[in-house]
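First comes the structure, then the notes that go with it.
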Amino acid sequence: MKRPEQLPGSLLLITLLAAALSACGGGSSSSDNAAAVTPANPVAPVTPVTPVSGDTGSVSAPFAGNASARYLLLAVASQSTGALTSVSQAANGALSEISGNAFTGTPAITREISGDASFAQGRWFTGTITRSTGATVMTGNNASAHYNVYKTVAALPVSGNLTCDAGTFTAPSYTGGSVIGQDAYFGTASGSATLSFGATGASLAMTVNTSAGGSSGSISGAGLLAAPASTVIGGGFLGGSSGSLLALGDAGAGRYLVIGGYKVVLANGANYQGVATFRCS
């Protein structure tokens, strides 16, 4: 059986968050001040690229970020999030560059593409990820990199209870734990989310149910965002076991997004991870 390929270490935000979690023993909220983008900064332009045969999924509109847009990128042994400084998108919605993380190859295949003007989501499946620290080749086995780029809100509302849809998910990918067969390298996911606003911030919650290879598991996460660009991290998201990262996106016209990255351990001991987006209104 093949073991998961290893991608480079976490970027600076996740390193800082990991230290904070180790100290407090639980979830936390962070606004990544070092990488914050102020409204005076220009919007990162979306560079168009050519779609690749083998991609799956599509978007209803090209991503149109704002000056404070952010990203989430989950690979094997590497989780990064921060300000979206650059992005390239094909006509079918697949991204090939995210804040200095370039995805190339012949072919460079992206699966489960979804999104609209407010977010873009997908899973890099076959190709090469190149960063300043080096390159990692993914050959189409269990290794994948799940991504989401999203617009952030300018300011948090002070009240409101919203209803969220059933969510859009990438296929959860095997990252380690119990040895499995190739037919269980990828699974299926479903879930739910809630969102409300109050005087102290935005309350987010997400549950994801995952199945693969005849086994299943679930992960739930919740927390309070005191600032629009904050994230809430809980459980073992930074340590390799079950956990989640939650963020808030702006879907426009009084609508919002609950963005979630997650790790889950199934009943058979196999580890999986993926990303999800819920539209809330």
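Residues in the structure tokens are numbered from 1 in each chain, the chains being A, B, ... in the order shown, and ligands are numbered from 1 in the order shown.
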
Test item, strand (DSSP E) assignment across range 100-265 of chain A, answer as a ChimeraX atom specification: /A:101-116,119-131,134-139,145-150,160-163,168-169,173-177,188-198,201-212,215-225,231-235,243-252,255-265

Quick one: everything within 8 Å of Gly213 in chain A, counting only C-alpha atoms, minus sequence neighbours fewer than 3 positions away in the same chain. Send it as a list of chain:residue names.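 My list of contacting residues is A:Ile180, A:Gly181, A:Asp183, A:Ala184, A:Gly187.
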
Go ahead and write the selection's residues with N, CA, C and O atoms as a compact mmCIF listing (two decimals), in the first residue's frame.
# COMPACT_ATOMS: atom_id res chain seq x y z
N ILE A 180 -4.50 1.63 4.24
CA ILE A 180 -5.75 1.42 3.51
C ILE A 180 -5.44 0.98 2.09
O ILE A 180 -4.30 1.04 1.63
N GLY A 181 -6.47 0.57 1.36
CA GLY A 181 -6.34 0.24 -0.04
C GLY A 181 -6.49 1.46 -0.93
O GLY A 181 -6.98 2.51 -0.50
N ASP A 183 -8.55 2.05 -3.18
CA ASP A 183 -9.93 2.47 -3.40
C ASP A 183 -10.44 3.39 -2.30
O ASP A 183 -11.52 3.97 -2.41
N ALA A 184 -9.66 3.55 -1.22
CA ALA A 184 -10.07 4.43 -0.12
C ALA A 184 -9.18 5.67 -0.02
O ALA A 184 -9.21 6.35 1.01
N GLY A 187 -12.53 10.06 -0.23
CA GLY A 187 -13.84 9.75 0.31
C GLY A 187 -14.89 10.75 -0.13
O GLY A 187 -14.72 11.50 -1.09

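Minimum distance to Thr133 in chain A across A:Ser192, A:Asn101, A:Ser86, A:Thr56 (counting only C-alpha atoms) occurs at A:Asn101.
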
Contacts of His146 in chain A at 9 Å (only C-alpha atoms; same-chain gap of 2+ positions) as a PyMOL selection string: chain A and resi 72-75+121-125+144+148+170-173+261+273-275

Keeping only N, CA, C and O atoms, take the residues you just selected and write them out as a PDB file, in the first residue's frame.
ATOM      1  N   LEU A  72      -6.795  29.687   1.998  1.00  0.00           N
ATOM      2  CA  LEU A  72      -6.541  28.519   2.828  1.00  0.00           C
ATOM      3  C   LEU A  72      -6.023  27.423   1.912  1.00  0.00           C
ATOM      4  O   LEU A  72      -6.618  27.153   0.864  1.00  0.00           O
ATOM      5  N   LEU A  73      -4.900  26.785   2.284  1.00  0.00           N
ATOM      6  CA  LEU A  73      -4.298  25.736   1.471  1.00  0.00           C
ATOM      7  C   LEU A  73      -3.883  24.587   2.388  1.00  0.00           C
ATOM      8  O   LEU A  73      -3.033  24.752   3.257  1.00  0.00           O
ATOM      9  N   LEU A  74      -4.510  23.420   2.196  1.00  0.00           N
ATOM     10  CA  LEU A  74      -4.239  22.244   3.017  1.00  0.00           C
ATOM     11  C   LEU A  74      -3.607  21.160   2.166  1.00  0.00           C
ATOM     12  O   LEU A  74      -4.245  20.624   1.251  1.00  0.00           O
ATOM     13  N   ALA A  75      -2.349  20.819   2.458  1.00  0.00           N
ATOM     14  CA  ALA A  75      -1.673  19.709   1.818  1.00  0.00           C
ATOM     15  C   ALA A  75      -1.291  18.708   2.906  1.00  0.00           C
ATOM     16  O   ALA A  75      -1.620  18.897   4.073  1.00  0.00           O
ATOM     17  N   GLN A 121     -12.788  27.346  -4.918  1.00  0.00           N
ATOM     18  CA  GLN A 121     -12.410  26.173  -4.136  1.00  0.00           C
ATOM     19  C   GLN A 121     -12.055  25.031  -5.077  1.00  0.00           C
ATOM     20  O   GLN A 121     -12.603  24.913  -6.173  1.00  0.00           O
ATOM     21  N   GLY A 122     -11.152  24.156  -4.652  1.00  0.00           N
ATOM     22  CA  GLY A 122     -10.794  22.995  -5.452  1.00  0.00           C
ATOM     23  C   GLY A 122      -9.728  22.156  -4.777  1.00  0.00           C
ATOM     24  O   GLY A 122      -9.302  22.441  -3.651  1.00  0.00           O
ATOM     25  N   ARG A 123      -9.274  21.114  -5.494  1.00  0.00           N
ATOM     26  CA  ARG A 123      -8.261  20.194  -4.967  1.00  0.00           C
ATOM     27  C   ARG A 123      -7.221  19.920  -6.043  1.00  0.00           C
ATOM     28  O   ARG A 123      -7.524  19.313  -7.069  1.00  0.00           O
ATOM     29  N   TRP A 124      -5.986  20.374  -5.825  1.00  0.00           N
ATOM     30  CA  TRP A 124      -4.894  20.053  -6.735  1.00  0.00           C
ATOM     31  C   TRP A 124      -4.581  18.574  -6.592  1.00  0.00           C
ATOM     32  O   TRP A 124      -4.284  18.092  -5.495  1.00  0.00           O
ATOM     33  N   PHE A 125      -4.635  17.847  -7.699  1.00  0.00           N
ATOM     34  CA  PHE A 125      -4.580  16.391  -7.674  1.00  0.00           C
ATOM     35  C   PHE A 125      -3.319  15.816  -8.335  1.00  0.00           C
ATOM     36  O   PHE A 125      -2.623  14.998  -7.735  1.00  0.00           O
ATOM     37  N   SER A 144      -2.944  15.225  -2.183  1.00  0.00           N
ATOM     38  CA  SER A 144      -3.738  16.310  -2.756  1.00  0.00           C
ATOM     39  C   SER A 144      -3.506  17.563  -1.937  1.00  0.00           C
ATOM     40  O   SER A 144      -3.108  17.493  -0.771  1.00  0.00           O
ATOM     41  N   ASN A 148      -8.906  27.109  -0.872  1.00  0.00           N
ATOM     42  CA  ASN A 148     -10.050  28.011  -0.921  1.00  0.00           C
ATOM     43  C   ASN A 148      -9.524  29.437  -0.847  1.00  0.00           C
ATOM     44  O   ASN A 148      -8.719  29.751   0.028  1.00  0.00           O
ATOM     45  N   THR A 170     -14.619  19.606  -1.184  1.00  0.00           N
ATOM     46  CA  THR A 170     -13.667  18.819  -1.957  1.00  0.00           C
ATOM     47  C   THR A 170     -13.719  17.389  -1.428  1.00  0.00           C
ATOM     48  O   THR A 170     -14.167  17.145  -0.314  1.00  0.00           O
ATOM     49  N   ALA A 171     -13.266  16.428  -2.241  1.00  0.00           N
ATOM     50  CA  ALA A 171     -13.230  15.040  -1.791  1.00  0.00           C
ATOM     51  C   ALA A 171     -12.150  14.883  -0.727  1.00  0.00           C
ATOM     52  O   ALA A 171     -10.978  15.175  -0.982  1.00  0.00           O
ATOM     53  N   PRO A 172     -12.499  14.461   0.477  1.00  0.00           N
ATOM     54  CA  PRO A 172     -11.486  14.300   1.522  1.00  0.00           C
ATOM     55  C   PRO A 172     -10.408  13.299   1.093  1.00  0.00           C
ATOM     56  O   PRO A 172     -10.717  12.231   0.559  1.00  0.00           O
ATOM     57  N   SER A 173      -9.153  13.642   1.334  1.00  0.00           N
ATOM     58  CA  SER A 173      -8.036  12.813   0.889  1.00  0.00           C
ATOM     59  C   SER A 173      -7.318  12.182   2.074  1.00  0.00           C
ATOM     60  O   SER A 173      -7.190  12.786   3.140  1.00  0.00           O
ATOM     61  N   GLY A 261     -11.746  24.407   6.865  1.00  0.00           N
ATOM     62  CA  GLY A 261     -10.778  23.355   6.605  1.00  0.00           C
ATOM     63  C   GLY A 261     -10.899  22.353   7.736  1.00  0.00           C
ATOM     64  O   GLY A 261     -11.168  22.731   8.884  1.00  0.00           O
ATOM     65  N   GLN A 273      -8.498  14.740   5.189  1.00  0.00           N
ATOM     66  CA  GLN A 273      -8.683  16.180   5.313  1.00  0.00           C
ATOM     67  C   GLN A 273      -9.316  16.740   4.044  1.00  0.00           C
ATOM     68  O   GLN A 273      -9.289  16.104   2.976  1.00  0.00           O
ATOM     69  N   GLY A 274      -9.892  17.935   4.164  1.00  0.00           N
ATOM     70  CA  GLY A 274     -10.521  18.587   3.022  1.00  0.00           C
ATOM     71  C   GLY A 274     -10.965  19.988   3.385  1.00  0.00           C
ATOM     72  O   GLY A 274     -10.702  20.464   4.496  1.00  0.00           O
ATOM     73  N   VAL A 275     -11.650  20.650   2.451  1.00  0.00           N
ATOM     74  CA  VAL A 275     -12.186  21.985   2.704  1.00  0.00           C
ATOM     75  C   VAL A 275     -13.646  22.024   2.290  1.00  0.00           C
ATOM     76  O   VAL A 275     -14.107  21.215   1.466  1.00  0.00           O
TER      77      VAL A 275
END

Looking at only C-alpha atoms, which of A:Thr168, A:Thr175, A:Ser159, A:Ser218 is the one that sits closest to Gly198 in chain A? A:Ser159

Choose the residue, out of A:Ala189, A:Ile109, A:Ala155, A:Ser241, that has the smallest atom-to-atom separation from Ala226 in chain A; count only C-alpha atoms.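 Checking each candidate against Ala226 in chain A, we get A:Ala155 as the closest.
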